[in-house]
Amino acid sequence: MAALTDPDLLFPSEARPLSLARDLYASVKDLPIVSPHGHTDPRWYALNEAFPDPAQLLVVPDHYIFRMLFSQGVRLEDLGVPTLDGSPVETDGRKIWRRFAEHYYLFRGTPTQLWFDHVLAHLFGIDEPLSANAADRHYDTIAALLQRDDYRPRALFERFNIEVIATTEGALDDLNWHKAIRNSGWQGRVVTAYRPDAVVDPDFEGFSANVDRLGDITGCDTGTWAGYLDAHRQRRALFKNFGATASDHGHPTAETGNLSDAAAQELFNRIRRGSDDERERRLFRAQMLTEMAKMSRDDGLILQIHPGSWRNHSPFVFQRFGRDKGFDIPTRTDYVTALKPLLDCVGLERDLTVILFTLDETSYARELAPLAGVYPALKIGPAWWFHDSPEGMRRFREMTTETAGFYNTVGFNDDTRAFPSIPARHDVARRVDCAFLARLVAEHRLREDEAHELAQELAYTLAKKAYRL
Amino acid sequence: MAALTDPDLLFPSEARPLSLARDLYASVKDLPIVSPHGHTDPRWYALNEAFPDPAQLLVVPDHYIFRMLFSQGVRLEDLGVPTLDGSPVETDGRKIWRRFAEHYYLFRGTPTQLWFDHVLAHLFGIDEPLSANAADRHYDTIAALLQRDDYRPRALFERFNIEVIATTEGALDDLNWHKAIRNSGWQGRVVTAYRPDAVVDPDFEGFSANVDRLGDITGCDTGTWAGYLDAHRQRRALFKNFGATASDHGHPTAETGNLSDAAAQELFNRIRRGSDDERERRLFRAQMLTEMAKMSRDDGLILQIHPGSWRNHSPFVFQRFGRDKGFDIPTRTDYVTALKPLLDCVGLERDLTVILFTLDETSYARELAPLAGVYPALKIGPAWWFHDSPEGMRRFREMTTETAGFYNTVGFNDDTRAFPSIPARHDVARRVDCAFLARLVAEHRLREDEAHELAQELAYTLAKKAYRL
Amino acid sequence: MAALTDPDLLFPSEARPLSLARDLYASVKDLPIVSPHGHTDPRWYALNEAFPDPAQLLVVPDHYIFRMLFSQGVRLEDLGVPTLDGSPVETDGRKIWRRFAEHYYLFRGTPTQLWFDHVLAHLFGIDEPLSANAADRHYDTIAALLQRDDYRPRALFERFNIEVIATTEGALDDLNWHKAIRNSGWQGRVVTAYRPDAVVDPDFEGFSANVDRLGDITGCDTGTWAGYLDAHRQRRALFKNFGATASDHGHPTAETGNLSDAAAQELFNRIRRGSDDERERRLFRAQMLTEMAKMSRDDGLILQIHPGSWRNHSPFVFQRFGRDKGFDIPTRTDYVTALKPLLDCVGLERDLTVILFTLDETSYARELAPLAGVYPALKIGPAWWFHDSPEGMRRFREMTTETAGFYNTVGFNDDTRAFPSIPARHDVARRVDCAFLARLVAEHRLREDEAHELAQELAYTLAKKAYRL
């Protein structure tokens, strides 16, 4: 039986663009992976323990997978998703795997199936599609392989040809896993990124205690505005010591502020006293994006803005299972008005890089490309989350390139918790970009030599340059 | 001369996807038509009278047609569209037909031309394009056929291979035509659907009298909140007796409410006294969607939400010609915020089905697919109204599939008043879906056996399952 | 070496659509250019002087070009963009040209590269791509050609086969260059268009003085509402004398008003006294669109509405360099609500033409096509500004045609200041439209004879008809 994934996956089927796409892809498919934004667990690389059973590795932690099954009536408990109160859920990996396999047809036409088939074929050497019938055989195959040393995290990291990967840690994280990686002598390059939402967003659970703790661990007086900012500076410096080249901000909107120092200080005081005013809490988040941009201007960290997700849309699911359970829903997102205060402040800076992401594709051509196509500080992040898919990535190129060009974009982010899927995700992105370039060449909108240069840039170089990696 | 419609209509012209699309289409083109949502007149099936002249059948009632002619300066009176005050309009079918034929070029590139050509070719055996020159010949051909018994409504129903068709009746409708169909002994399956806008929307013409009448015909006291809800329950039960499996709600927005019983009762009382407060009337409509969802949970009717049309945008045309005259204009529509109250209440129910439609394509990838891709109660309705077209249906698949999959969609709705066009509309939908599947196969994103299964689901099975038909 | 631009530029690469597209294009490529909306300088045609050096002609005035370079860190001063305060900028054309050439790779995949390559190949006979290496050679070639008589404005106008071109002048312009063209005896048809933003928008710099001056030059009392309207009527009549067939309105939004005469008069009085109320100033702009539409009904000028650009988004750049420096950013734009007052007033007029443009592509299928597909007074302008590009024009056709047809669109506008690029821009538009038509034919959605008729309409006839040229 042939491999699950065809060598021509995602390529146009007509003759000319197909051969062009193949040529372009051949020149980039073996480039190292640069993964400047993601959510893998640094503990894996630190401890280098064998991964647990197939279900715990591939199903239970993947909200792309269990949200789809949940939408079709499968209970999260039956998929092993842990409850916050510890009430029992399925723990038998084989049973979870079978339930997943029975419903695998739901993923037809989705990137989850592309990625998953790629992992089965290329990582586990499986060439029979997953189905109820094949479930047990595949489970056994994978479970056996996961016990082998060459399937441990560091071996996979090397096999995946990862040149550098970024994880994401909260501002209060002790970075101990990163210390352990460094002290282990292993040469794999794993860097952190600074994600301060918990000490920047007054609506975050435990915000006030978090800011107190930020004071404790930095020795700064986070009861004052100046001390609070200093504490951020200290943490950023520490994160930089552990390789961070970027910060990351998951605000509900892209709103930014441009308050005077006095006004910002007064706002901070009200927030620290526990403001009940939604408008003030919003303004504080907004002002903090600009403060972070100013710090980025000084310390060189890239600023990533990931706005527009309504987190935990179902209160029932949030209370029972917690965050990141597939109930984060995109919302209409404005950038032109929202970013103006930040841009008025630092938008013309040549040495600052602010990377904008969106879950609202209508902003690609209307807002993000025109903004990034003129402000020196702005770049457009790749198609993100729900749009990190063949059609989504194609729309991204079609709607950003003509106004912003390729060089105001920053290559690909896999943005994933699902470590085994990283090569699949980069492979899909490289294929979609090569197919797009091939179409431009086939329509004589680009020369072949330009397309070859661009294929390299999109697959590898732009990410390194934009993220200073 | 060849047929007006080519066997390869809508198929990609390159070799591989074309042969794939042909294979897929061959396997579904003769499947029975399941039409779970539409607006044909049950009187036709009840009386089984010959249709009137070609213009009265194909031009005068079709707002897709006369709005386009009106946009180019043709008066509605000259197309026979009746005035509300009875002032005279053209009644000569042949003259109306000629005017239409003279302007038929306006429909180039529109689905109206696809459907119309399909009807000419497949229903009336005509193979010369409609034009001023051919107008009279075609008129005569069609007029003669319409006199034949095998062109009467029931004969066409059977020839069209309709397995089941839903009509739509208001809450106050006596369902007498449905009774007559049932009593006639004819075996064609025609079911109703519950459309209570006139007794749910305080802005509907005659709302207060309508609610009084709802009380009269049910024997419930619609002066009280409890009685009003009971009256709905009774009517829903009656509609179910006449085959209804769904209700349908054409609200201006998707806004829903989640009031306490006491608050809902108080709101109802204010509305019944004739509230002048636009916010209250909006909230009442919103709350009623949630009430209907709760009733659906109990009685099993599918809830269809069709929001986002600004009805009767031109007051002059509304006053002179009434509703449904082509002046219903889509508006920007939010779902994520609007549906939250309903979803907090019943969104996790596994036995409830709420089908969401939209006229705002920006919501496909941003809101509808993520919502339907996680909430068990939600499904996405097909491309609707202005988007019920080749490009519109293609965009629907491209923007919903990767996040929601195929199985959170519900097949095709023809949603039409234009009975003769029903096979054409289903044919176009089947072709577009087969072409989409063929592209996925050609790009190796789907296996051929999966595509064949999906072609069946999209053309037939999903509609039956989702609508419980 | 082959020409920079391929004969098959922008055509689909598969066999059938490619040959169809070639046939269609062959039938329209030599049609005269009708340019009903643009911003070339009438002084060029009046004086017919040689153009200055290559950089001053092709780089310095083109905000598509310098905004992209600025976004990647090149200073506007180094590109010769003049400062408002006269502080020095680069004046050496060759140095500017070299900077541009070094960064030319930034335009890969953008329409700027398509247009620029077309100009190099077809106007200057260059077949080597622009690069740092080729910069000086190309500069010399172009500089030499620009000295020749057959590269002067009128000679190019004739070589470009321009049948008619519209420029745009403010309401206070003396139209002296147009007078000079008329008096010169030269036969080239250059018409003006009425652009009254400076005397209609209370937020425009110097609005009050502008309205005073409007009174002075017309002899009307612009201190009164009646006199102010009369002054517009006079200016419109004068502009018509210089060939104007259209007015043009660049409001921030599409908002319109429908005030009573008394209310409008009162509003005008408050505005003239210098209203501080943002709402009032907005309402005045809104009302003036309707007033202009009423005047258009009377005098036959086409009304063009170009809304949705946030002008001069960066205050620093605006203060240093002034308007039109690439910092005009599109915003979300509503039409359905905004236009209702105007449409209630004159939307059903058969002899009025209002052409709607947008920078918000989400309005194509959702709002503009449904509105233009029913209101006799409305037409949809072509893909505009950031969307005046192969992908942008393709999306325009895909999202407007099925609801509005082709005949509620108005052909192509080049909308440019960049005179040498006019043939390139029309050529790109013709190619994209032919490719779109070829796809419809290849998918059997249009007959070949229809496509040929439409190719003519889209390339030539519709613009003449819609703009009454």
# chains A, B, ... in the order shown; residues from 1 in each chain; ligands from 1
$ residues_around --residues "range 145-159 of chain C" --least-positions-apart "3" --cutoff "7 Å" --atoms "only C-alpha atoms" --output "tab-separated table (two decimals) with N, CA, C and O atoms, in the first residue's frame"
chain	number	residue	atom	x	y	z
C	44	TRP	N	0.57	68.69	-17.52
C	44	TRP	CA	1.40	67.95	-18.47
C	44	TRP	C	0.87	68.09	-19.90
C	44	TRP	O	1.62	68.37	-20.82
C	45	TYR	N	-0.45	67.89	-20.03
C	45	TYR	CA	-1.02	67.94	-21.38
C	45	TYR	C	-1.05	69.38	-21.89
C	45	TYR	O	-0.97	69.64	-23.08
C	48	ASN	N	2.96	70.26	-22.29
C	48	ASN	CA	3.66	69.26	-23.12
C	48	ASN	C	5.18	69.37	-23.02
C	48	ASN	O	5.90	69.24	-24.02
C	49	GLU	N	5.66	69.60	-21.81
C	49	GLU	CA	7.10	69.63	-21.60
C	49	GLU	C	7.63	68.21	-21.43
C	49	GLU	O	6.91	67.32	-21.01
C	50	ALA	N	8.92	68.04	-21.67
C	50	ALA	CA	9.54	66.74	-21.41
C	50	ALA	C	9.42	66.41	-19.92
C	50	ALA	O	9.48	67.30	-19.07
C	51	PHE	N	9.22	65.12	-19.63
C	51	PHE	CA	9.21	64.71	-18.23
C	51	PHE	C	10.61	64.84	-17.65
C	51	PHE	O	11.60	64.75	-18.38
C	141	THR	N	19.14	54.69	-20.04
C	141	THR	CA	18.22	54.42	-21.16
C	141	THR	C	16.98	55.28	-21.06
C	141	THR	O	16.54	55.93	-22.02
C	142	ILE	N	16.37	55.28	-19.86
C	142	ILE	CA	15.11	56.01	-19.69
C	142	ILE	C	15.35	57.51	-19.78
C	142	ILE	O	14.59	58.24	-20.44
C	162	ILE	N	-5.17	56.64	-25.84
C	162	ILE	CA	-6.17	57.10	-24.88
C	162	ILE	C	-7.27	57.86	-25.62
C	162	ILE	O	-7.01	58.87	-26.28
$ interface_residues --of "chain C" --to "chain B" --cutoff "10 Å" --atoms "only C-alpha atoms" --output "ChimeraX atom specification"
/C:13-17,334-337,340,343-345,347-351,362-363,365-379,397-408,437,439-447,450-451,454
$ select_by_dssp --residues "range 103-292 of chain A" --states "strand (DSSP E)" --output "number ranges by chain"
A: 162-166, 169-170, 190-191, 194-195, 246-249
$ select_by_dssp --residues "range 293-438 of chain B" --states "helix (DSSP H, G or I)" --output "ChimeraX atom specification"
/B:293-299,315-321,340-346,362-372,385-387,390-404,419-438
$ closest_residue --among "B:Phe357, B:Trp384, B:Phe419, B:Phe318" --to "Gln304 in chain B" --atoms "only C-alpha atoms"
B:Phe357
$ residues_around --residues "Ser275 in chain C" --least-positions-apart "6" --cutoff "12 Å" --atoms "only C-alpha atoms" --output "PyMOL selection string"
chain C and resi 202-203+207-208+266-269+281-284
$ write_last_selection --atoms "all heavy atoms" --output "tab-separated table (two decimals), in the first residue's frame"
chain	number	residue	atom	x	y	z
C	202	PRO	N	-16.25	69.72	6.69
C	202	PRO	CA	-15.85	70.71	7.69
C	202	PRO	C	-14.52	70.39	8.37
C	202	PRO	O	-13.93	71.26	9.00
C	202	PRO	CB	-17.00	70.66	8.71
C	202	PRO	CG	-18.16	70.11	7.96
C	202	PRO	CD	-17.58	69.17	6.96
C	203	ASP	N	-14.06	69.13	8.24
C	203	ASP	CA	-12.77	68.78	8.84
C	203	ASP	C	-11.60	69.01	7.89
C	203	ASP	O	-10.44	68.79	8.26
C	203	ASP	CB	-12.77	67.31	9.29
C	203	ASP	CG	-13.60	67.11	10.56
C	203	ASP	OD1	-13.62	68.02	11.41
C	203	ASP	OD2	-14.23	66.04	10.69
C	207	PHE	N	-11.41	74.73	5.76
C	207	PHE	CA	-12.77	74.61	5.23
C	207	PHE	C	-13.51	75.94	5.15
C	207	PHE	O	-14.08	76.31	4.12
C	207	PHE	CB	-13.57	73.62	6.09
C	207	PHE	CG	-15.05	73.62	5.82
C	207	PHE	CD1	-15.55	73.03	4.67
C	207	PHE	CD2	-15.95	74.23	6.70
C	207	PHE	CE1	-16.93	73.03	4.41
C	207	PHE	CE2	-17.31	74.23	6.44
C	207	PHE	CZ	-17.80	73.63	5.30
C	208	SER	N	-13.46	76.71	6.24
C	208	SER	CA	-14.26	77.93	6.30
C	208	SER	C	-13.78	78.93	5.25
C	208	SER	O	-14.58	79.51	4.50
C	208	SER	CB	-14.18	78.51	7.71
C	208	SER	OG	-15.02	79.62	7.81
C	266	GLU	N	-30.35	74.96	8.88
C	266	GLU	CA	-29.91	75.21	10.26
C	266	GLU	C	-28.55	74.56	10.52
C	266	GLU	O	-27.68	75.16	11.15
C	266	GLU	CB	-30.97	74.64	11.21
C	266	GLU	CG	-30.94	75.26	12.59
C	266	GLU	CD	-31.99	74.60	13.49
C	266	GLU	OE1	-33.17	74.52	13.07
C	266	GLU	OE2	-31.60	74.15	14.59
C	267	LEU	N	-28.40	73.36	10.02
C	267	LEU	CA	-27.11	72.66	10.18
C	267	LEU	C	-26.00	73.45	9.50
C	267	LEU	O	-24.92	73.65	10.06
C	267	LEU	CB	-27.22	71.25	9.59
C	267	LEU	CG	-25.92	70.42	9.60
C	267	LEU	CD1	-25.44	70.18	11.03
C	267	LEU	CD2	-26.13	69.08	8.89
C	268	PHE	N	-26.29	73.91	8.28
C	268	PHE	CA	-25.30	74.69	7.54
C	268	PHE	C	-24.87	75.92	8.35
C	268	PHE	O	-23.69	76.25	8.45
C	268	PHE	CB	-25.87	75.12	6.19
C	268	PHE	CG	-24.94	75.98	5.38
C	268	PHE	CD1	-23.83	75.42	4.75
C	268	PHE	CD2	-25.15	77.35	5.25
C	268	PHE	CE1	-22.97	76.21	3.99
C	268	PHE	CE2	-24.28	78.14	4.50
C	268	PHE	CZ	-23.18	77.56	3.87
C	269	ASN	N	-25.85	76.59	8.96
C	269	ASN	CA	-25.53	77.79	9.73
C	269	ASN	C	-24.61	77.44	10.90
C	269	ASN	O	-23.64	78.15	11.17
C	269	ASN	CB	-26.81	78.47	10.24
C	269	ASN	CG	-27.61	79.04	9.07
C	269	ASN	OD1	-27.06	79.29	7.99
C	269	ASN	ND2	-28.92	79.23	9.27
C	281	ARG	N	-20.62	67.78	12.20
C	281	ARG	CA	-19.76	67.84	11.01
C	281	ARG	C	-19.93	66.59	10.16
C	281	ARG	O	-19.95	66.64	8.92
C	281	ARG	CB	-18.29	68.00	11.43
C	281	ARG	CG	-18.06	69.32	12.21
C	281	ARG	CD	-16.59	69.71	12.29
C	281	ARG	NE	-15.76	68.68	12.87
C	281	ARG	CZ	-15.52	68.52	14.19
C	281	ARG	NH1	-16.07	69.34	15.06
C	281	ARG	NH2	-14.75	67.55	14.60
C	282	ARG	N	-20.10	65.45	10.82
C	282	ARG	CA	-20.34	64.20	10.10
C	282	ARG	C	-21.67	64.27	9.35
C	282	ARG	O	-21.76	63.86	8.18
C	282	ARG	CB	-20.41	63.05	11.12
C	282	ARG	CG	-19.56	61.87	10.78
C	282	ARG	CD	-19.61	60.85	11.89
C	282	ARG	NE	-20.97	60.41	12.15
C	282	ARG	CZ	-21.39	59.93	13.32
C	282	ARG	NH1	-20.55	59.85	14.36
C	282	ARG	NH2	-22.64	59.54	13.47
C	283	LEU	N	-22.68	64.79	10.03
C	283	LEU	CA	-24.00	64.88	9.40
C	283	LEU	C	-23.97	65.83	8.20
C	283	LEU	O	-24.64	65.60	7.19
C	283	LEU	CB	-25.03	65.35	10.43
C	283	LEU	CG	-26.47	65.45	9.94
C	283	LEU	CD1	-26.97	64.11	9.40
C	283	LEU	CD2	-27.39	65.92	11.09
C	284	PHE	N	-23.16	66.87	8.31
C	284	PHE	CA	-23.09	67.80	7.19
C	284	PHE	C	-22.48	67.11	5.96
C	284	PHE	O	-23.00	67.21	4.85
C	284	PHE	CB	-22.27	69.06	7.57
C	284	PHE	CG	-22.27	70.09	6.48
C	284	PHE	CD1	-23.41	70.84	6.22
C	284	PHE	CD2	-21.15	70.28	5.68
C	284	PHE	CE1	-23.43	71.78	5.19
C	284	PHE	CE2	-21.16	71.21	4.64
C	284	PHE	CZ	-22.30	71.96	4.41
$ residues_around --residues "range 234-240 of chain C" --least-positions-apart "5" --cutoff "7 Å" --atoms "only C-alpha atoms" --output "ChimeraX atom specification"
/C:171,192-194,218,245
$ closest_residue --among "A:Arg98, A:His426, A:His452, A:His178" --to "Ala134 in chain A" --atoms "only C-alpha atoms"
A:Arg98
$ residues_around --residues "range 253-263 of chain A" --least-positions-apart "5" --cutoff "7 Å" --atoms "only C-alpha atoms" --output "number ranges by chain"
A: 283, 286-287, 289-290, 307-308, 333-335, 338-339, 341-342, 345
$ residues_around --residues "Val164 in chain B" --least-positions-apart "6" --cutoff "12 Å" --atoms "only C-alpha atoms" --output "PyMOL selection string"
chain B and resi 32-38+157-158+187-192+243-245+460+463-464+467-469
$ atom_distance --atom1 "CA of Gly219 in chain C" --atom2 "CA of Val346 in chain C"
29.1 Å
$ atom_distance --atom1 "CA of Ile96 in chain C" --atom2 "CA of Asp78 in chain C"
6.8 Å
